[in-house]
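Engineer: Sharing coords-v2.pdb here; it has PDB, C-alpha atoms, pLDDT in the B column.
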ATOM      1  CA  MET A   1    -120.051  32.603 120.572  1.00 49.00           C
ATOM      2  CA  ASP A   2    -120.004  35.091 117.828  1.00 54.00           C
ATOM      3  CA  VAL A   3    -122.702  34.938 115.160  1.00 53.00           C
ATOM      4  CA  ASP A   4    -120.078  35.369 112.445  1.00 56.00           C
ATOM      5  CA  ASP A   5    -118.248  32.235 113.650  1.00 55.00           C
ATOM      6  CA  GLU A   6    -121.408  30.205 113.242  1.00 62.00           C
ATOM      7  CA  LYS A   7    -121.907  31.269 109.658  1.00 70.00           C
ATOM      8  CA  LEU A   8    -121.096  28.681 107.076  1.00 74.00           C
ATOM      9  CA  LYS A   9    -118.192  29.380 104.865  1.00 78.00           C
ATOM     10  CA  ILE A  10    -119.162  29.043 101.247  1.00 78.00           C
ATOM     11  CA  PRO A  11    -116.328  27.741  99.121  1.00 76.00           C
ATOM     12  CA  PRO A  12    -115.324  29.700  96.067  1.00 80.00           C
ATOM     13  CA  ILE A  13    -117.202  28.887  92.864  1.00 79.00           C
ATOM     14  CA  GLU A  14    -114.043  27.546  91.163  1.00 82.00           C
ATOM     15  CA  LEU A  15    -113.631  24.920  93.902  1.00 76.00           C
ATOM     16  CA  LEU A  16    -117.268  23.870  93.507  1.00 73.00           C
ATOM     17  CA  ARG A  17    -116.826  23.469  89.741  1.00 80.00           C
ATOM     18  CA  LYS A  18    -113.760  21.275  90.225  1.00 81.00           C
ATOM     19  CA  GLU A  19    -115.625  19.098  92.746  1.00 80.00           C
ATOM     20  CA  LEU A  20    -118.560  18.753  90.333  1.00 76.00           C
ATOM     21  CA  GLU A  21    -116.192  17.730  87.497  1.00 81.00           C
ATOM     22  CA  ARG A  22    -114.562  15.127  89.744  1.00 82.00           C
ATOM     23  CA  GLU A  23    -117.948  13.638  90.682  1.00 78.00           C
ATOM     24  CA  GLU A  24    -119.069  13.575  87.043  1.00 77.00           C
ATOM     25  CA  ALA A  25    -115.826  11.853  86.008  1.00 75.00           C
ATOM     26  CA  LYS A  26    -116.312   9.227  88.746  1.00 76.00           C
ATOM     27  CA  HIS A  27    -119.880   8.610  87.618  1.00 73.00           C
ATOM     28  CA  GLY A  28    -118.808   8.458  83.937  1.00 73.00           C
ATOM     29  CA  PHE A  29    -116.085   5.913  84.725  1.00 74.00           C
ATOM     30  CA  ARG A  30    -118.535   3.693  86.639  1.00 74.00           C
ATOM     31  CA  LYS A  31    -121.030   3.933  83.797  1.00 76.00           C
ATOM     32  CA  ALA A  32    -118.380   3.015  81.200  1.00 77.00           C
ATOM     33  CA  LEU A  33    -117.124   0.148  83.383  1.00 76.00           C
ATOM     34  CA  LEU A  34    -120.643  -1.258  83.821  1.00 76.00           C
ATOM     35  CA  ARG A  35    -121.285  -0.939  80.082  1.00 80.00           C
ATOM     36  CA  THR A  36    -118.022  -2.769  79.284  1.00 83.00           C
ATOM     37  CA  VAL A  37    -118.785  -5.547  81.792  1.00 81.00           C
ATOM     38  CA  GLY A  38    -122.263  -5.898  80.282  1.00 77.00           C
ATOM     39  CA  ILE A  39    -120.904  -6.175  76.736  1.00 82.00           C
ATOM     40  CA  LEU A  40    -118.269  -8.726  77.792  1.00 83.00           C
ATOM     41  CA  THR A  41    -120.927 -10.778  79.590  1.00 80.00           C
ATOM     42  CA  VAL A  42    -123.100 -10.859  76.465  1.00 79.00           C
ATOM     43  CA  ILE A  43    -120.102 -11.836  74.296  1.00 78.00           C
ATOM     44  CA  ALA A  44    -119.186 -14.635  76.732  1.00 77.00           C
ATOM     45  CA  ALA A  45    -122.777 -15.920  76.785  1.00 73.00           C
ATOM     46  CA  VAL A  46    -123.005 -15.921  72.968  1.00 72.00           C
ATOM     47  CA  THR A  47    -119.625 -17.668  72.714  1.00 69.00           C
ATOM     48  CA  VAL A  48    -120.716 -20.376  75.154  1.00 68.00           C
ATOM     49  CA  LEU A  49    -123.998 -20.787  73.284  1.00 64.00           C
ATOM     50  CA  ILE A  50    -122.204 -21.147  69.942  1.00 63.00           C
ATOM     51  CA  ALA A  51    -119.605 -23.497  71.405  1.00 62.00           C
ATOM     52  CA  THR A  52    -122.207 -25.780  72.974  1.00 61.00           C
ATOM     53  CA  ARG A  53    -125.001 -25.630  70.396  1.00 66.00           C
ATOM     54  CA  LEU A  54    -123.407 -24.981  67.019  1.00 74.00           C
ATOM     55  CA  LEU A  55    -119.731 -25.935  67.175  1.00 76.00           C
ATOM     56  CA  ILE A  56    -117.745 -28.703  68.795  1.00 77.00           C
ATOM     57  CA  LEU A  57    -114.027 -28.336  69.481  1.00 78.00           C
ATOM     58  CA  VAL A  58    -112.008 -31.486  68.675  1.00 82.00           C
ATOM     59  CA  GLN A  59    -108.299 -32.259  68.964  1.00 84.00           C
ATOM     60  CA  ILE A  60    -107.003 -34.750  66.412  1.00 87.00           C
ATOM     61  CA  ASN A  61    -105.650 -37.961  67.897  1.00 88.00           C
ATOM     62  CA  GLY A  62    -104.241 -40.264  65.225  1.00 87.00           C
ATOM     63  CA  VAL A  63    -103.109 -40.134  61.617  1.00 89.00           C
ATOM     64  CA  SER A  64    -106.037 -41.652  59.698  1.00 90.00           C
ATOM     65  CA  MET A  65    -106.863 -38.262  58.107  1.00 90.00           C
ATOM     66  CA  ALA A  66    -103.261 -37.232  57.353  1.00 88.00           C
ATOM     67  CA  PRO A  67    -102.107 -35.173  55.562  1.00 91.00           C
ATOM     68  CA  THR A  68    -105.342 -33.119  55.741  1.00 90.00           C
ATOM     69  CA  LEU A  69    -105.570 -33.366  59.534  1.00 89.00           C
ATOM     70  CA  GLN A  70    -102.425 -33.971  61.569  1.00 88.00           C
ATOM     71  CA  GLU A  71    -102.053 -35.345  65.090  1.00 90.00           C
ATOM     72  CA  GLY A  72    -102.565 -32.468  67.540  1.00 89.00           C
ATOM     73  CA  ASP A  73    -104.564 -30.252  65.154  1.00 91.00           C
ATOM     74  CA  ILE A  74    -107.530 -28.550  66.803  1.00 89.00           C
ATOM     75  CA  ILE A  75    -110.613 -28.254  64.640  1.00 89.00           C
ATOM     76  CA  PHE A  76    -114.230 -27.150  64.932  1.00 88.00           C
ATOM     77  CA  LEU A  77    -117.131 -29.332  63.841  1.00 89.00           C
ATOM     78  CA  HIS A  78    -120.337 -27.575  62.821  1.00 89.00           C
ATOM     79  CA  GLN A  79    -123.157 -29.601  64.385  1.00 87.00           C
ATOM     80  CA  THR A  80    -125.306 -30.649  61.450  1.00 86.00           C
ATOM     81  CA  LYS A  81    -126.662 -33.774  59.810  1.00 89.00           C
ATOM     82  CA  GLU A  82    -126.631 -32.078  56.391  1.00 88.00           C
ATOM     83  CA  VAL A  83    -123.392 -33.191  54.757  1.00 91.00           C
ATOM     84  CA  GLU A  84    -122.211 -33.627  51.185  1.00 91.00           C
ATOM     85  CA  VAL A  85    -119.762 -35.822  49.329  1.00 91.00           C
ATOM     86  CA  GLY A  86    -116.264 -34.457  49.969  1.00 90.00           C
ATOM     87  CA  ASP A  87    -117.053 -33.141  53.486  1.00 93.00           C
ATOM     88  CA  ILE A  88    -114.975 -34.367  56.414  1.00 94.00           C
ATOM     89  CA  ILE A  89    -117.457 -35.480  59.044  1.00 94.00           C
ATOM     90  CA  GLY A  90    -117.354 -36.537  62.653  1.00 92.00           C
ATOM     91  CA  PHE A  91    -119.529 -39.489  63.637  1.00 92.00           C
ATOM     92  CA  TYR A  92    -120.030 -41.640  66.705  1.00 90.00           C
ATOM     93  CA  TYR A  93    -118.508 -45.101  66.707  1.00 90.00           C
ATOM     94  CA  GLY A  94    -117.841 -47.141  69.838  1.00 86.00           C
ATOM     95  CA  GLY A  95    -118.281 -44.179  72.182  1.00 84.00           C
ATOM     96  CA  ARG A  96    -115.757 -42.055  70.252  1.00 88.00           C
ATOM     97  CA  VAL A  97    -115.986 -39.489  67.487  1.00 88.00           C
ATOM     98  CA  LEU A  98    -114.219 -40.598  64.310  1.00 89.00           C
ATOM     99  CA  LEU A  99    -113.352 -38.178  61.499  1.00 94.00           C
ATOM    100  CA  LYS A 100    -113.545 -39.377  57.885  1.00 95.00           C
ATOM    101  CA  ARG A 101    -114.287 -37.979  54.428  1.00 95.00           C
ATOM    102  CA  VAL A 102    -117.649 -38.656  52.755  1.00 95.00           C
ATOM    103  CA  ILE A 103    -116.941 -40.465  49.465  1.00 94.00           C
ATOM    104  CA  ALA A 104    -120.440 -41.516  48.392  1.00 93.00           C
ATOM    105  CA  GLY A 105    -124.082 -41.359  49.419  1.00 92.00           C
ATOM    106  CA  SER A 106    -126.942 -43.834  49.536  1.00 91.00           C
ATOM    107  CA  GLY A 107    -127.462 -45.896  46.408  1.00 92.00           C
ATOM    108  CA  ASP A 108    -124.024 -45.059  44.971  1.00 93.00           C
ATOM    109  CA  GLU A 109    -121.866 -47.891  43.685  1.00 94.00           C
ATOM    110  CA  ILE A 110    -118.275 -47.952  44.964  1.00 93.00           C
ATOM    111  CA  GLU A 111    -115.261 -49.673  43.547  1.00 93.00           C
ATOM    112  CA  ILE A 112    -111.644 -49.408  44.734  1.00 92.00           C
ATOM    113  CA  ASP A 113    -108.917 -51.007  42.618  1.00 92.00           C
ATOM    114  CA  LYS A 114    -105.634 -52.518  43.870  1.00 90.00           C
ATOM    115  CA  GLU A 115    -103.792 -49.216  43.318  1.00 90.00           C
ATOM    116  CA  GLY A 116    -106.302 -47.416  45.554  1.00 90.00           C
ATOM    117  CA  ASN A 117    -108.203 -45.549  42.845  1.00 93.00           C
ATOM    118  CA  VAL A 118    -111.798 -44.926  43.925  1.00 93.00           C
ATOM    119  CA  TYR A 119    -114.674 -45.141  41.461  1.00 94.00           C
ATOM    120  CA  VAL A 120    -118.159 -43.864  42.299  1.00 94.00           C
ATOM    121  CA  ASN A 121    -120.883 -44.978  39.878  1.00 94.00           C
ATOM    122  CA  GLY A 122    -118.177 -45.905  37.359  1.00 91.00           C
ATOM    123  CA  GLU A 123    -116.393 -42.534  37.450  1.00 92.00           C
ATOM    124  CA  LYS A 124    -112.890 -42.238  38.872  1.00 92.00           C
ATOM    125  CA  ARG A 125    -112.891 -39.857  41.823  1.00 92.00           C
ATOM    126  CA  GLU A 126    -110.247 -37.132  41.803  1.00 91.00           C
ATOM    127  CA  GLU A 127    -108.678 -36.955  45.256  1.00 91.00           C
ATOM    128  CA  PRO A 128    -106.081 -34.142  45.360  1.00 90.00           C
ATOM    129  CA  TYR A 129    -105.985 -34.304  49.189  1.00 89.00           C
ATOM    130  CA  LEU A 130    -104.260 -37.720  49.106  1.00 89.00           C
ATOM    131  CA  THR A 131    -100.471 -38.042  49.133  1.00 88.00           C
ATOM    132  CA  LYS A 132    -100.576 -41.794  48.579  1.00 89.00           C
ATOM    133  CA  LYS A 133    -103.291 -44.043  47.181  1.00 89.00           C
ATOM    134  CA  SER A 134    -103.818 -47.461  48.702  1.00 87.00           C
ATOM    135  CA  LEU A 135    -106.502 -50.125  48.910  1.00 87.00           C
ATOM    136  CA  GLY A 136    -105.490 -50.599  52.566  1.00 85.00           C
ATOM    137  CA  LYS A 137    -107.338 -53.070  54.744  1.00 89.00           C
ATOM    138  CA  CYS A 138    -110.563 -53.831  52.941  1.00 87.00           C
ATOM    139  CA  GLU A 139    -113.214 -56.416  53.815  1.00 88.00           C
ATOM    140  CA  LEU A 140    -115.661 -55.485  51.050  1.00 88.00           C
ATOM    141  CA  ASP A 141    -116.429 -57.192  47.763  1.00 88.00           C
ATOM    142  CA  PHE A 142    -116.594 -54.767  44.853  1.00 89.00           C
ATOM    143  CA  PRO A 143    -118.639 -53.345  43.334  1.00 92.00           C
ATOM    144  CA  TYR A 144    -120.275 -52.317  46.614  1.00 92.00           C
ATOM    145  CA  GLN A 145    -123.586 -50.450  46.766  1.00 93.00           C
ATOM    146  CA  VAL A 146    -124.062 -47.991  49.617  1.00 94.00           C
ATOM    147  CA  PRO A 147    -127.261 -48.916  51.513  1.00 94.00           C
ATOM    148  CA  GLU A 148    -130.191 -46.499  51.568  1.00 93.00           C
ATOM    149  CA  GLY A 149    -129.855 -43.671  54.094  1.00 91.00           C
ATOM    150  CA  MET A 150    -126.116 -44.314  54.608  1.00 93.00           C
ATOM    151  CA  LEU A 151    -122.799 -42.668  53.709  1.00 95.00           C
ATOM    152  CA  PHE A 152    -119.570 -44.341  52.588  1.00 95.00           C
ATOM    153  CA  VAL A 153    -116.570 -42.736  54.311  1.00 95.00           C
ATOM    154  CA  LEU A 154    -112.801 -43.105  53.964  1.00 94.00           C
ATOM    155  CA  GLY A 155    -109.830 -41.661  55.814  1.00 91.00           C
ATOM    156  CA  ASP A 156    -107.321 -39.659  53.778  1.00 92.00           C
ATOM    157  CA  ASN A 157    -104.491 -41.923  54.982  1.00 92.00           C
ATOM    158  CA  ARG A 158    -105.856 -45.071  53.336  1.00 90.00           C
ATOM    159  CA  THR A 159    -103.061 -47.404  54.470  1.00 89.00           C
ATOM    160  CA  VAL A 160    -103.977 -47.057  58.175  1.00 90.00           C
ATOM    161  CA  SER A 161    -107.538 -45.710  58.246  1.00 90.00           C
ATOM    162  CA  MET A 162    -110.345 -47.785  59.739  1.00 90.00           C
ATOM    163  CA  ASP A 163    -113.406 -46.705  57.779  1.00 91.00           C
ATOM    164  CA  SER A 164    -116.299 -47.998  55.632  1.00 92.00           C
ATOM    165  CA  ARG A 165    -113.973 -50.625  54.099  1.00 92.00           C
ATOM    166  CA  ILE A 166    -114.039 -52.442  57.455  1.00 91.00           C
ATOM    167  CA  LYS A 167    -117.298 -54.289  58.135  1.00 89.00           C
ATOM    168  CA  ALA A 168    -117.231 -53.467  61.874  1.00 88.00           C
ATOM    169  CA  ILE A 169    -117.466 -49.754  61.039  1.00 89.00           C
ATOM    170  CA  GLY A 170    -119.286 -49.968  57.731  1.00 89.00           C
ATOM    171  CA  CYS A 171    -121.307 -47.147  56.282  1.00 92.00           C
ATOM    172  CA  VAL A 172    -122.398 -44.260  58.480  1.00 93.00           C
ATOM    173  CA  GLU A 173    -126.043 -43.623  59.361  1.00 91.00           C
ATOM    174  CA  LYS A 174    -127.349 -40.066  59.556  1.00 89.00           C
ATOM    175  CA  GLU A 175    -128.067 -40.511  63.289  1.00 89.00           C
ATOM    176  CA  GLN A 176    -124.364 -41.222  63.937  1.00 91.00           C
ATOM    177  CA  ILE A 177    -123.233 -37.903  62.428  1.00 91.00           C
ATOM    178  CA  VAL A 178    -122.034 -35.271  64.890  1.00 91.00           C
ATOM    179  CA  GLY A 179    -121.188 -32.654  62.284  1.00 91.00           C
ATOM    180  CA  LYS A 180    -118.739 -31.603  59.604  1.00 93.00           C
ATOM    181  CA  VAL A 181    -115.297 -30.058  59.926  1.00 91.00           C
ATOM    182  CA  VAL A 182    -115.462 -26.341  59.133  1.00 88.00           C
ATOM    183  CA  PHE A 183    -112.431 -24.665  60.710  1.00 86.00           C
ATOM    184  CA  ARG A 184    -108.894 -25.501  61.868  1.00 88.00           C
ATOM    185  CA  ALA A 185    -107.931 -23.420  64.922  1.00 82.00           C
ATOM    186  CA  TRP A 186    -104.498 -24.956  65.575  1.00 85.00           C
ATOM    187  CA  PRO A 187    -101.692 -24.870  64.586  1.00 85.00           C
ATOM    188  CA  LEU A 188    -101.767 -21.162  63.805  1.00 83.00           C
ATOM    189  CA  ALA A 189     -99.703 -21.624  60.649  1.00 84.00           C
ATOM    190  CA  ARG A 190    -102.470 -23.829  59.174  1.00 85.00           C
ATOM    191  CA  MET A 191    -105.459 -22.061  60.751  1.00 82.00           C
ATOM    192  CA  GLY A 192    -108.406 -21.422  58.468  1.00 81.00           C
ATOM    193  CA  ILE A 193    -111.698 -22.522  56.982  1.00 82.00           C
ATOM    194  CA  MET A 194    -111.779 -26.128  55.770  1.00 82.00           C
ATOM    195  CA  ARG A 195    -113.792 -27.416  52.837  1.00 70.00           C
TER     196      ARG A 195
END
What would you get if you wrote out this structure as structure tokens?

Structural biologist:
Amino acid sequence: MDVDDEKLKIPPIELLRKELEREEAKHGFRKALLRTVGILTVIAAVTVLIATRLLILVQINGVSMAPTLQEGDIIFLHQTKEVEVGDIIGFYYGGRVLLKRVIAGSGDEIEIDKEGNVYVNGEKREEPYLTKKSLGKCELDFPYQVPEGMLFVLGDNRTVSMDSRIKAIGCVEKEQIVGKVVFRAWPLARMGIMR
């Protein structure tokens, strides 16, 4: 064997540069891919945390809150016990979550006339979200005082809604509250923040 045959052939410098660029590109792609996967994992974890701890996704089944909430709408409830008059809340009743609007708080005096006008502490309540006023099914004697620590709730579709006017449901205790409606996700045409 010839000594020259045993010598290693050194590739030209240009070929070495191209090989180095290829390796760097491979490493850069892996690094970018790992970074992207990491970011997506964090986003997914935060989304799951928000969805399970702060927000509850609910699909509307029924027409007791029409026209505000329609059958099939998908809404988000913000999990909170801090609600105000006018908020639409979700609360537990009979193993289900019902959605109704808070009309009055503890100690308030309620009166509903035959035409469906609602009076809270003697003042007529403006209700622009209603398309039709109605006394509906009502088992209460008026004036009615909301018990301490309770909320008086009504559905926006007063002719069919089962709410605080029915003694079986009555006023809502703070412990029953799941949260308040904050966002409509579906249908897309009506998507947006709800107040």

Engineer: I want to know what sits within 12 Å of A:Leu154, based on all atoms listed in the file, with residues of the same chain fewer than 5 positions away left out; could you give that as a PyMOL selection string?

Structural biologist: chain A and resi 64-66+85-90+98-104+110+112+116+118+127+130+133-138+159-166+169-172

Engineer: So what does the PyMOL selection byres ((chain A and resi 145) around 12) actually pick up in this one, as a PyMOL selection string?

Structural biologist: chain A and resi 104-111+119-122+140-144+146-152+164+170-171

Engineer: Report as a PyMOL selection string all protein, DNA and RNA residues lying within 10 Å of A:Pro187, evaluated on only C-alpha atoms, omitting residues in the same chain fewer than 2 positions from it.

Structural biologist: chain A and resi 70+72-75+184-185+189-192

Engineer: Could you jot down the atom CA of A:Tyr93 to atom CA of A:Trp186 separation for me, Å, one decimal place?

Structural biologist: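 That distance, rounded to one decimal, is 24.6 Å.
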
Engineer: Which distance in Å separates atom CA of A:Lys180 and atom CA of A:Ala45, to one decimal?

Structural biologist: 23.6 Å

Engineer: Box for stretch 151-163 of chain A - axis-aligned, 3 Å on each of the six sides, all listed atoms - centre and size in Å to one decimal, as JSON.

Structural biologist:
{"center_x": -112.9, "center_y": -43.7, "center_z": 56.2, "size_x": 25.7, "size_y": 14.1, "size_z": 13.2}

Engineer: Could you tell me how far atom CA of A:Leu57 sits from atom CA of A:Glu173, in Å to one decimal place?

Structural biologist: 21.9 Å

Engineer: Looking at A:Val178, A:Ala32, A:Leu69, A:Val63, which one is nearest to A:Tyr129, with distances taken over only C-alpha atoms?

Structural biologist: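 Of all the options, A:Leu69 lies closest to A:Tyr129.
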
Engineer: At most 12 Å from (-122.0, -32.7, 63.8), file frame, all atoms listed in the file: which residues, as a ChimeraX atom specification?

Structural biologist: /A:52-58,76-83,87-92,97-99,174-182

Engineer: Export C-alpha atoms of the chosen residues as a PDB file, keeping the file's coordinate frame?

Structural biologist:
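Saved file selection.pdb follows:
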ATOM      1  CA  THR A  52    -122.207 -25.780  72.974  1.00 61.00           C
ATOM      2  CA  ARG A  53    -125.001 -25.630  70.396  1.00 66.00           C
ATOM      3  CA  LEU A  54    -123.407 -24.981  67.019  1.00 74.00           C
ATOM      4  CA  LEU A  55    -119.731 -25.935  67.175  1.00 76.00           C
ATOM      5  CA  ILE A  56    -117.745 -28.703  68.795  1.00 77.00           C
ATOM      6  CA  LEU A  57    -114.027 -28.336  69.481  1.00 78.00           C
ATOM      7  CA  VAL A  58    -112.008 -31.486  68.675  1.00 82.00           C
ATOM      8  CA  PHE A  76    -114.230 -27.150  64.932  1.00 88.00           C
ATOM      9  CA  LEU A  77    -117.131 -29.332  63.841  1.00 89.00           C
ATOM     10  CA  HIS A  78    -120.337 -27.575  62.821  1.00 89.00           C
ATOM     11  CA  GLN A  79    -123.157 -29.601  64.385  1.00 87.00           C
ATOM     12  CA  THR A  80    -125.306 -30.649  61.450  1.00 86.00           C
ATOM     13  CA  LYS A  81    -126.662 -33.774  59.810  1.00 89.00           C
ATOM     14  CA  GLU A  82    -126.631 -32.078  56.391  1.00 88.00           C
ATOM     15  CA  VAL A  83    -123.392 -33.191  54.757  1.00 91.00           C
ATOM     16  CA  ASP A  87    -117.053 -33.141  53.486  1.00 93.00           C
ATOM     17  CA  ILE A  88    -114.975 -34.367  56.414  1.00 94.00           C
ATOM     18  CA  ILE A  89    -117.457 -35.480  59.044  1.00 94.00           C
ATOM     19  CA  GLY A  90    -117.354 -36.537  62.653  1.00 92.00           C
ATOM     20  CA  PHE A  91    -119.529 -39.489  63.637  1.00 92.00           C
ATOM     21  CA  TYR A  92    -120.030 -41.640  66.705  1.00 90.00           C
ATOM     22  CA  VAL A  97    -115.986 -39.489  67.487  1.00 88.00           C
ATOM     23  CA  LEU A  98    -114.219 -40.598  64.310  1.00 89.00           C
ATOM     24  CA  LEU A  99    -113.352 -38.178  61.499  1.00 94.00           C
ATOM     25  CA  LYS A 174    -127.349 -40.066  59.556  1.00 89.00           C
ATOM     26  CA  GLU A 175    -128.067 -40.511  63.289  1.00 89.00           C
ATOM     27  CA  GLN A 176    -124.364 -41.222  63.937  1.00 91.00           C
ATOM     28  CA  ILE A 177    -123.233 -37.903  62.428  1.00 91.00           C
ATOM     29  CA  VAL A 178    -122.034 -35.271  64.890  1.00 91.00           C
ATOM     30  CA  GLY A 179    -121.188 -32.654  62.284  1.00 91.00           C
ATOM     31  CA  LYS A 180    -118.739 -31.603  59.604  1.00 93.00           C
ATOM     32  CA  VAL A 181    -115.297 -30.058  59.926  1.00 91.00           C
ATOM     33  CA  VAL A 182    -115.462 -26.341  59.133  1.00 88.00           C
TER      34      VAL A 182
END

Engineer: I'd like to know which of A:Asp156, A:Glu21, A:Glu126, A:Glu84 is closest to A:Arg195, using all atoms listed in the file.

Structural biologist: A:Glu84
